[in-house]
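Just below is one structure, and these are the notes that go with it.
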Number of protein chains: 2
Amino acid sequence: LDYQHVQVPFEITLWIMLASLAKIGFHLYNKLPSVVPESCLLIFVGLIMGGIIYGFNDRSPPVMDSDIFFLYLLPPIVLDAGYFMPSRPFFENIGTILLYAVVGTIWNVFGIGFSLYGICQVKSFRLQDVSLLHNLLFGSLIAAVDPVAVLAVFEEIHVNEKLHILVFGESLLNDAVTVVLYKLFRSFCEMPTIKSVDVFAGIGKFFVVGLGGVLVGLSFGLTAAFTTRFTKDIRVIEPLFVFLYSYLSYLTAEMFHLSGIVAIISCAMGMKRYVEANISLKSHTTVKYFMKMWSSVSDTLIFIFLGVSTIGENHEWNWPYICFTVIFCLVWRALGVLVLTFLVNRFHVNTITSKDQFIIAYGGLRGAICFSLVFLLPDFHRKKLFIAATTVVILFTVFVQGMTIRPLVDLLAVKRKRESAPTVGEQIHIRFLDHLLAGIEDISGHWGQYYWKDKLEYFNSKYLQKILLREYDQPKSSIVLLYEKLERKHAMELAQAGQLGHSLAHPSFLCSAFLCSSSDRTVITDQKLEDTPNPDVLDNMQEILARNLYRIRRTGPAYNRHTLPGDSEPTERAKEILILRHKSL
Amino acid sequence: LDYQHVQVPFEITLWIMLASLAKIGFHLYNKLPSVVPESCLLIFVGLIMGGIIYGFNDRSPPVMDSDIFFLYLLPPIVLDAGYFMPSRPFFENIGTILLYAVVGTIWNVFGIGFSLYGICQVKSFRLQDVSLLHNLLFGSLIAAVDPVAVLAVFEEIHVNEKLHILVFGESLLNDAVTVVLYKLFRSFCEMPTIKSVDVFAGIGKFFVVGLGGVLVGLSFGLTAAFTTRFTKDIRVIEPLFVFLYSYLSYLTAEMFHLSGIVAIISCAMGMKRYVEANISLKSHTTVKYFMKMWSSVSDTLIFIFLGVSTIGENHEWNWPYICFTVIFCLVWRALGVLVLTFLVNRFHVNTITSKDQFIIAYGGLRGAICFSLVFLLPDFHRKKLFIAATTVVILFTVFVQGMTIRPLVDLLAVKRKRESAPTVGEQIHIRFLDHLLAGIEDISGHWGQYYWKDKLEYFNSKYLQKILLREYDQPKSSIVLLYEKLERKHAMELAQAGQLGHSLAHPSFLCSAFLCSSSDRTVITDQKLEDTPNPDVLDNMQEILARNLYRIRRTGPAYNRHTLPGDSEPTERAKEILILRHKSL
């Protein structure tokens, strides 16, 4: 027997196997996961395993290595999150998300830090040796909402898209703030005196860390897209590039002390569109599938490790400090959300309701990131107290909040995610409104989000697509594509029913109705819902529509009986619009 | 800048990236790969990189770590090889393959070892201090044909299936022999005296190592199949099990000093059929795609590392020894193939031609396995000589033999792999002959390969499938399925041509022709070849046929006007056949 030789890969494989089997086990009994979130069950499995290890070894089981967490377990989850990020609601709410992520997190850090410092002044608690800086350092690691925990819980409760993206987006983007504040306070702790220059340098650093992350991510993302232009002859390594470049963006950002999470998300969001167009369908299935698989395994491992690491003798149980930490985390988050939402609602038509505010505040789960950060603290005499407080906060948020949020969502009747995908008619209307609003913004000279979206789309089709896409040619009209798709599907159905040759009027009727007027929406959608029980087909259609309909605005108006298609000059029209705006300004 | 922190994953990612980019680079210029095999190009890239590292650092570049090779780079390639192994030609030629792999390898080891010992006796070569045991040890590591090198070259030259499986199967199965002989001689080198007991123990060990590997692999493979029964609700982690169980089988075998290569191949071949039936189509695409991707990257890395490791000061250039090693490797292999093929041809109707023999002998490429084994040798004063000789043999076989084998195959007009997949008619005939031969063997009481195949199939459908498959029900008749498929395809074509509703006679004519008689083969196949330019569709059809046609033998004869389908009793018929055989015996 030569165990030493294969130990490392053997144990890694066994851990992954355990995680996968635990996942299968939970899903065999359907009742349990509908009450308790999977994350709680996994932590519970971890606790049991930790207990077993502790019982047999008589010493604390190994804690989750922060390096393993940050270098190997976190990136797949964030990559998955970035790649499958619903970009429309994300960019529509980017302002609110950034406000929560930046101002909200800073608010929480200082709120928790200063009020815990207040608690430390109470003599009977015996905490007078914990300085303000240490409290702020602790605040900086405990304040940040954790994307892994949020994702695990919110994926199961299906709240509406806007609410989901607000909480989840915040949890992702607050990484830049957390990184800066945590490192700032850690270096302050080791400095003899703090000058005001250092404080200003810290504020400047935040922009560097955040924007630097975006820059690193985007450059790797676009390089990845460019690389996949040349993989036509070796399709089989296409998926690799998606993973390699994203991971490199994360590592590069970490290397330069930038925000790795922000980098990998920008990379994934930047590359997605072009990579999808370049790689083969099978490669794309592999990419999507493997990403989901990987993130799901990472997620499982993180929660199991959290459980295992909780057991042991790393804790100092000063109950006042721990209890007040939990209370302050809840209170300051609630206050922060209230104040910030008040500000946001003043500038938006589509306001955030008080129910939504409650769920945003209540959904502020803490997770493995805090846990890894607290173990990365430099050794000082109260580190074990911080570890204990962090553990309790995580377990409280994941177990108590995670388990009660679903009943609360039911009780408050929070608007849920709609079950069905939007119909083709709705898609067309949404697109139509986009163009309308972009036009209004153009004319009124207001440079709003639609204006920027339009500019970006123009830049994309004019330059980026030509560089990054392998076969850049004008796609067919979406209506023609849709018609082809419907006809093909219809033929399939007829063949399956053995009726080939009968009732030919059907698909043509459908499409002629579609071509005639999009206001007859009910006709189409009803028809469509009957015909397409398969959501995949629907998704494809909508994707095609979403991609191509945008071009209608530019190609549509130029058409008349006297010009041939392709004769129109978009630059002239763009100039015309520019002149119009300048006049109005 | 904090490079240390991310160094390990960063460098691994960069190496993989380099490998992938090199692969893309070669394929951009189509002319080069058609002359030089990719493996040579990759070694060349490695040589250049090694030269650069050597030039800048002024010391030998790092050699490929044997642990990394055996634990991380080799398994993906072997898994891929096992999973996509064409099982029919493999099992048809298993006797010949085993003869080449076991007897042939032993022949080569002792041939090369003894004749090199003879060379060492020549005084002017200054090699008298190399003992017989050391020569045999060297023989044991240099004798084995390398699966990675063979695969890389033979995948490009497209020789006929039988020839390919003979060389490739030998290269895989000789691992058991290599492991035993290498470890035996290495321990002999360290023993003061060798008893005859040790030699007999070595021979016994060979069976343990080989059969133990098969056992470990099959048990992990069947467990994997069983596990995938329960993944219906979490499709996303299905691909993981295929990889985890195969890797565990490899590691477990290595842990017990069994043959890891044999284990992982048995695991892959054992699980494939059941896993494919259990997992979703998308999971299966991911498994196949990722396996190919992974093995392709491993392969690339291995050749690049081979090149890098060649540069440096690890070598002792004793030219007589090195040259004679190359010559003996060629001569003993050629002799071995001649003698063994002579034996094989006496017992087979379908003989191995002299052209085939030449290619088998010439295709005995050496690669990274020898290279890793030579670095694993215990330190002794002539290790650098062995390293130099191994390097030269590898480079000679990969460059000279690898580059000339394609022109030689052209020159000798060796039978190539047929371009097109076998037609449905051919498939039916092959199956039909199988059943016929199994029947003849039954009646004549000869327990040949068809008899065993039939028994295995019976055991599989009676027990294994019921345990390992999730939804075990009798599949539809293949003819019905084929008809459905053809009709669906036809409908698609009509829809694409916009002719829905015309020429309906076509698919029914096709299928009625098919149902009427399979001897009208030309009609069907011609028709089919016109209709199905898409090889994927054809593959699927053939898979369905291959799976289901086997059951015809059992379900076919029992049918008559007076019994309902499902009324027949296969056990009774089996008994009947048994009685018949006993009588004939």
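Note on naming: chains are A, B, ... as they come in the structure tokens, residues start from 1 per chain, ligands start from 1 in the order shown.
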
Can you check which residues of chain B have any atom within 8 Å of chain A? Use only C-alpha atoms and format it as an MDAnalysis selection string.
-> chainID B and resid 1:3 5:6 9:10 13 17 20 24 27:28 71 230:231 233:234 236:237 240:241 244 247:248 251 254:257 282:283 285:286 289:290 292:293 296:297 484 487:488 491:492 495:496 500:502 504

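The shell of residues at most 8 Å from Leu79 in chain A, with only C-alpha atoms counted and near chain neighbours (fewer than 4 positions) removed, consists of A:Pro75, A:Tyr83, A:Ser246, A:Ile264, A:Ile265, A:Ala268, A:Met291.
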
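Note that the spacing between CA of Phe44 in chain B and CA of Val392 in chain B amounts to 14.0 Å.
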
Name all residues at most 9 Å from range 356-362 of chain B (count only C-alpha atoms; drop same-chain ones fewer than 4 positions away) and give them as a ChimeraX atom specification.
-> /B:163-164,166-167,330,333-338,341,352,397,401,405,408-409,414-415

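Our summary of the geometry notes that CA of Phe305 in chain B is positioned 22.8 Å from CA of Ser34 in chain B.
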
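Taking CA of Cys267 in chain B as the reference point, CA of Phe26 in chain A is found at 26.9 Å.
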
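Proximity to Glu161 in chain A at 12 Å, evaluated using only C-alpha atoms and with sequence-adjacent residues fewer than 5 positions away removed, yields Met85, Pro86, Ser87, Arg88, Pro89, Phe90, Glu92, Asn93, Phe154, Glu155, Leu166, Val167, Phe168, Gly169, Asp356, Val414, Lys415, Arg416, Lys417, Arg418 and Glu419 of chain A.
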
Quick one: residues within 12 Å of Val339 in chain B, only C-alpha atoms, excluding same-chain residues fewer than 6 positions away - as a short mmCIF file (atom, residue, chain, number, x, y, z; two decimals) with N, CA and C atoms, in the first residue's frame?
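This went into out.cif:
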data_model
loop_
_atom_site.label_atom_id
_atom_site.label_comp_id
_atom_site.auth_asym_id
_atom_site.auth_seq_id
_atom_site.Cartn_x
_atom_site.Cartn_y
_atom_site.Cartn_z
N LEU B 99 -1.17 -11.20 -26.56
CA LEU B 99 0.07 -11.88 -26.92
C LEU B 99 1.17 -10.86 -27.19
N TYR B 100 0.84 -9.85 -28.00
CA TYR B 100 1.82 -8.79 -28.26
C TYR B 100 2.20 -8.08 -26.96
N VAL B 103 3.69 -11.30 -24.05
CA VAL B 103 4.85 -12.04 -24.52
C VAL B 103 5.80 -11.12 -25.27
N GLY B 104 5.22 -10.25 -26.12
CA GLY B 104 6.04 -9.34 -26.91
C GLY B 104 6.88 -8.42 -26.03
N TRP B 107 9.62 -10.38 -24.27
CA TRP B 107 10.63 -10.67 -25.31
C TRP B 107 11.52 -9.46 -25.52
N TRP B 332 14.74 -5.96 -32.07
CA TRP B 332 14.01 -6.92 -31.24
C TRP B 332 12.52 -6.80 -31.43
N ARG B 333 12.05 -5.57 -31.64
CA ARG B 333 10.63 -5.42 -31.88
C ARG B 333 10.23 -6.08 -33.19
N ASN B 345 -1.00 -16.18 -36.85
CA ASN B 345 -1.56 -16.48 -38.16
C ASN B 345 -1.89 -17.96 -38.33
N ARG B 346 -1.20 -18.82 -37.58
CA ARG B 346 -1.49 -20.25 -37.70
C ARG B 346 -2.87 -20.58 -37.18
N SER B 354 1.99 -9.22 -44.27
CA SER B 354 3.36 -8.81 -43.96
C SER B 354 3.48 -7.28 -43.94
N GLN B 357 2.38 -6.33 -40.57
CA GLN B 357 3.43 -6.66 -39.61
C GLN B 357 4.49 -5.57 -39.59
N ALA B 361 5.45 -3.30 -36.34
CA ALA B 361 6.83 -3.21 -35.81
C ALA B 361 7.31 -1.76 -35.84
#
